[in-house]
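Enquirer: Quick one: this structure, given as structure tokens, is what I'll be asking you about.
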Amino acid sequence: DTGVSQDPRHKITKRGQNVTFRCDPISEHNRLYWYRQTLGQGPEFLTYFQNEAQLEKSRLLSDRFSAERPKGSFSTLEIQRTEQGDSAMYLCASSVPGTEIYNEQFFGPGTRLTVL
Amino acid sequence: TQLLEQSPQFLSIQEGENLTVYCNSSSVFSSLQWYRQEPGEGPVLLVTVVTGGEVKKLKRLTFQFGDARKDSSLHITAAQTGDTGLYLCASNQAGTALIFGKGTTLSVSS
């Protein structure tokens, strides 16, 4: 399967714990995006990378959130001191080089986070 | 910030019926994408429309882009249970983040 993969698919944690999610984009996709989706809403943008550079961060991305893409391939999203309001589906997407006008993004299956 | 409004929010129909869902904005779209999302999965891209007045067909799905590029519709002919899901429209922001509507939840029963 050459699609976007995310790990883990589900994570249950207690409030105050740190969690880390991983995303592996489609090979040779130089752009990688993180979104968050809560029940009844569409995905909301968190941050994106072009290669290893983090180029944009949403105001939704509080100081407790950090994302990295150290070698321009996979990316990690860490949430420190989780809160119940962090419970959501965290989606990763990647885009094909050369289609910035259309910005067609391909999504992974998501990581469902539940904070107790 | 461009806001996308989708309607209806929920739609429940019988297999074989036709339906149309809508996506509207007060701003002009540079391009618009439609995604379908099943529970517990990520959105899957269905189509991208770019040109005002454009019509694209994907089997039983017909996508229209308004002439002024401020609205779009998705029409499904003879709905099947496999069409059940959340239909999302999303707008491109110059190569970076997509802005999504809240989606239309479609339930097709046999």
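Naming scheme: A, B, ... for chains in displayed order of the structure tokens; residues 1 onward per chain; ligands 1 onward as shown.
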Can you list, as number ranges by chain, every protein, DNA or RNA residue that comes within 12 Å of Asn103 (chain A) when you count only C-alpha atoms, leaving out same-chain residues fewer than 6 positions away?
Expert: A: 29, 31-33, 93-97; B: 30-33, 45, 47-50, 90-99
Enquirer: Hey, can you spit out that residue selection with N, CA, C and O atoms as an mmCIF file, in the first residue's frame?
Expert:
data_model
loop_
_atom_site.group_PDB
_atom_site.id
_atom_site.type_symbol
_atom_site.label_atom_id
_atom_site.label_comp_id
_atom_site.auth_asym_id
_atom_site.auth_seq_id
_atom_site.Cartn_x
_atom_site.Cartn_y
_atom_site.Cartn_z
ATOM 1 N N HIS A 29 6.158 12.878 -1.931
ATOM 2 C CA HIS A 29 5.313 14.045 -1.669
ATOM 3 C C HIS A 29 6.109 14.983 -0.776
ATOM 4 O O HIS A 29 6.467 14.629 0.344
ATOM 5 N N ARG A 31 5.105 17.902 0.465
ATOM 6 C CA ARG A 31 4.302 18.650 1.444
ATOM 7 C C ARG A 31 3.534 17.681 2.329
ATOM 8 O O ARG A 31 2.941 16.722 1.849
ATOM 9 N N LEU A 32 3.541 18.004 3.611
ATOM 10 C CA LEU A 32 2.856 17.178 4.599
ATOM 11 C C LEU A 32 2.074 18.094 5.521
ATOM 12 O O LEU A 32 2.576 19.128 5.969
ATOM 13 N N TYR A 33 0.836 17.710 5.798
ATOM 14 C CA TYR A 33 -0.094 18.542 6.565
ATOM 15 C C TYR A 33 -0.638 17.751 7.753
ATOM 16 O O TYR A 33 -0.858 16.546 7.653
ATOM 17 N N ALA A 93 -1.982 14.497 5.926
ATOM 18 C CA ALA A 93 -2.184 14.484 4.471
ATOM 19 C C ALA A 93 -0.880 14.867 3.792
ATOM 20 O O ALA A 93 -0.028 15.544 4.382
ATOM 21 N N SER A 94 -0.715 14.433 2.561
ATOM 22 C CA SER A 94 0.433 14.864 1.782
ATOM 23 C C SER A 94 -0.035 15.269 0.390
ATOM 24 O O SER A 94 -1.132 14.876 -0.041
ATOM 25 N N SER A 95 0.750 16.083 -0.267
ATOM 26 C CA SER A 95 0.336 16.558 -1.584
ATOM 27 C C SER A 95 1.431 16.329 -2.614
ATOM 28 O O SER A 95 2.623 16.274 -2.296
ATOM 29 N N VAL A 96 0.945 16.240 -3.848
ATOM 30 C CA VAL A 96 1.816 15.908 -4.969
ATOM 31 C C VAL A 96 2.587 17.140 -5.404
ATOM 32 O O VAL A 96 1.994 18.200 -5.572
ATOM 33 N N PRO A 97 3.870 17.040 -5.608
ATOM 34 C CA PRO A 97 4.618 18.185 -6.102
ATOM 35 C C PRO A 97 4.074 18.658 -7.441
ATOM 36 O O PRO A 97 3.677 17.855 -8.280
ATOM 37 N N SER B 30 -10.698 29.611 -5.449
ATOM 38 C CA SER B 30 -9.689 29.424 -6.480
ATOM 39 C C SER B 30 -9.845 28.026 -7.082
ATOM 40 O O SER B 30 -9.668 27.836 -8.286
ATOM 41 N N SER B 31 -10.158 27.094 -6.237
ATOM 42 C CA SER B 31 -10.518 25.754 -6.679
ATOM 43 C C SER B 31 -11.318 25.128 -5.556
ATOM 44 O O SER B 31 -11.326 25.633 -4.436
ATOM 45 N N LEU B 32 -12.025 24.062 -5.846
ATOM 46 C CA LEU B 32 -12.849 23.422 -4.827
ATOM 47 C C LEU B 32 -12.710 21.929 -4.954
ATOM 48 O O LEU B 32 -12.692 21.395 -6.069
ATOM 49 N N GLN B 33 -12.616 21.277 -3.828
ATOM 50 C CA GLN B 33 -12.506 19.825 -3.829
ATOM 51 C C GLN B 33 -13.654 19.223 -3.030
ATOM 52 O O GLN B 33 -14.105 19.801 -2.046
ATOM 53 N N LEU B 45 -10.361 11.946 -1.587
ATOM 54 C CA LEU B 45 -10.645 12.933 -2.616
ATOM 55 C C LEU B 45 -11.501 12.329 -3.726
ATOM 56 O O LEU B 45 -11.192 11.269 -4.271
ATOM 57 N N VAL B 47 -13.093 14.710 -6.294
ATOM 58 C CA VAL B 47 -12.920 15.526 -7.501
ATOM 59 C C VAL B 47 -12.407 16.900 -7.122
ATOM 60 O O VAL B 47 -12.593 17.349 -5.985
ATOM 61 N N THR B 48 -11.742 17.556 -8.073
ATOM 62 C CA THR B 48 -11.358 18.952 -7.944
ATOM 63 C C THR B 48 -11.976 19.722 -9.104
ATOM 64 O O THR B 48 -11.882 19.288 -10.252
ATOM 65 N N VAL B 49 -12.626 20.833 -8.802
ATOM 66 C CA VAL B 49 -13.161 21.705 -9.852
ATOM 67 C C VAL B 49 -12.445 23.049 -9.771
ATOM 68 O O VAL B 49 -12.159 23.541 -8.675
ATOM 69 N N VAL B 50 -12.189 23.610 -10.926
ATOM 70 C CA VAL B 50 -11.376 24.816 -10.999
ATOM 71 C C VAL B 50 -12.049 25.926 -11.810
ATOM 72 O O VAL B 50 -11.991 27.095 -11.443
ATOM 73 N N ALA B 90 -13.972 21.412 0.250
ATOM 74 C CA ALA B 90 -12.785 22.075 0.778
ATOM 75 C C ALA B 90 -12.241 23.029 -0.263
ATOM 76 O O ALA B 90 -12.305 22.771 -1.464
ATOM 77 N N SER B 91 -11.706 24.126 0.232
ATOM 78 C CA SER B 91 -11.183 25.155 -0.657
ATOM 79 C C SER B 91 -9.681 25.277 -0.498
ATOM 80 O O SER B 91 -9.164 25.243 0.617
ATOM 81 N N ASN B 92 -9.034 25.440 -1.607
ATOM 82 C CA ASN B 92 -7.593 25.630 -1.648
ATOM 83 C C ASN B 92 -7.226 27.031 -1.187
ATOM 84 O O ASN B 92 -7.892 27.989 -1.498
ATOM 85 N N GLN B 93 -6.162 27.127 -0.434
ATOM 86 C CA GLN B 93 -5.638 28.439 -0.053
ATOM 87 C C GLN B 93 -4.226 28.575 -0.587
ATOM 88 O O GLN B 93 -3.264 28.526 0.150
ATOM 89 N N ALA B 94 -4.108 28.741 -1.874
ATOM 90 C CA ALA B 94 -2.823 29.043 -2.502
ATOM 91 C C ALA B 94 -1.726 28.069 -2.118
ATOM 92 O O ALA B 94 -0.633 28.469 -1.733
ATOM 93 N N GLY B 95 -2.041 26.797 -2.152
ATOM 94 C CA GLY B 95 -1.007 25.798 -1.979
ATOM 95 C C GLY B 95 -0.714 25.403 -0.560
ATOM 96 O O GLY B 95 0.222 24.662 -0.328
ATOM 97 N N THR B 96 -1.458 25.895 0.385
ATOM 98 C CA THR B 96 -1.208 25.496 1.759
ATOM 99 C C THR B 96 -2.430 24.792 2.331
ATOM 100 O O THR B 96 -2.856 23.779 1.824
ATOM 101 N N ALA B 97 -2.992 25.337 3.385
ATOM 102 C CA ALA B 97 -4.044 24.612 4.076
ATOM 103 C C ALA B 97 -5.343 24.571 3.282
ATOM 104 O O ALA B 97 -5.675 25.497 2.549
ATOM 105 N N LEU B 98 -6.050 23.493 3.437
ATOM 106 C CA LEU B 98 -7.418 23.415 2.943
ATOM 107 C C LEU B 98 -8.361 23.887 4.040
ATOM 108 O O LEU B 98 -8.151 23.592 5.210
ATOM 109 N N ILE B 99 -9.385 24.622 3.635
ATOM 110 C CA ILE B 99 -10.472 24.967 4.551
ATOM 111 C C ILE B 99 -11.645 24.074 4.199
ATOM 112 O O ILE B 99 -12.058 24.020 3.029
#
Enquirer: Could you write out as JSON, numbers by chain the residues of chain A within 12 Å of chain B, counting only C-alpha atoms?
Expert: {"A": [3, 4, 5, 6, 9, 10, 31, 32, 33, 34, 35, 36, 37, 38, 39, 40, 41, 42, 43, 44, 45, 46, 47, 48, 49, 50, 54, 55, 56, 57, 58, 88, 89, 90, 91, 92, 93, 94, 95, 96, 97, 98, 99, 100, 101, 102, 103, 104, 105, 106, 107, 108, 109, 110, 111, 112, 113]}
Enquirer: When DSSP works through the backbone of this structure, what residues of chain A end up as strand (DSSP E or B), shown as a ChimeraX atom specification?
Expert: /A:5-7,10-13,19-24,31-37,44-50,53-57,65-68,75-79,88-95,105-107,111-115
Enquirer: Enter the distance from CA of Pro25 (chain A) to CA of Gly82 (chain B), in Å, rounded to one decimal.
Expert: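 So the answer is 27.1 Å.
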Enquirer: As a PyMOL selection string, please: the residues near Phe65 (chain A) (cut-off 6 Å, only C-alpha atoms, same-chain neighbours under 2 positions excluded).
Expert: chain A and resi 61-63+78-79
Enquirer: Please produce a file of those selected residues containing C-alpha atoms, as a tab-separated table (two decimals), in the first residue's frame.
Expert:
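Written out: result06.tsv:
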chain	number	residue	atom	x	y	z
A	61	LEU	CA	-1.60	24.74	17.52
A	62	SER	CA	-1.03	25.70	21.14
A	63	ASP	CA	2.36	25.61	22.85
A	78	GLU	CA	3.46	15.48	19.91
A	79	ILE	CA	0.93	16.75	22.40
Enquirer: Quick one: residues within 10 Å of Lys71 (chain A), only C-alpha atoms counted, chain neighbours fewer than 6 positions away excluded, as a list in words?
Expert: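 Counting only C-alpha atoms, the residues come to Asn51, Glu52 and Ala53 of chain A.
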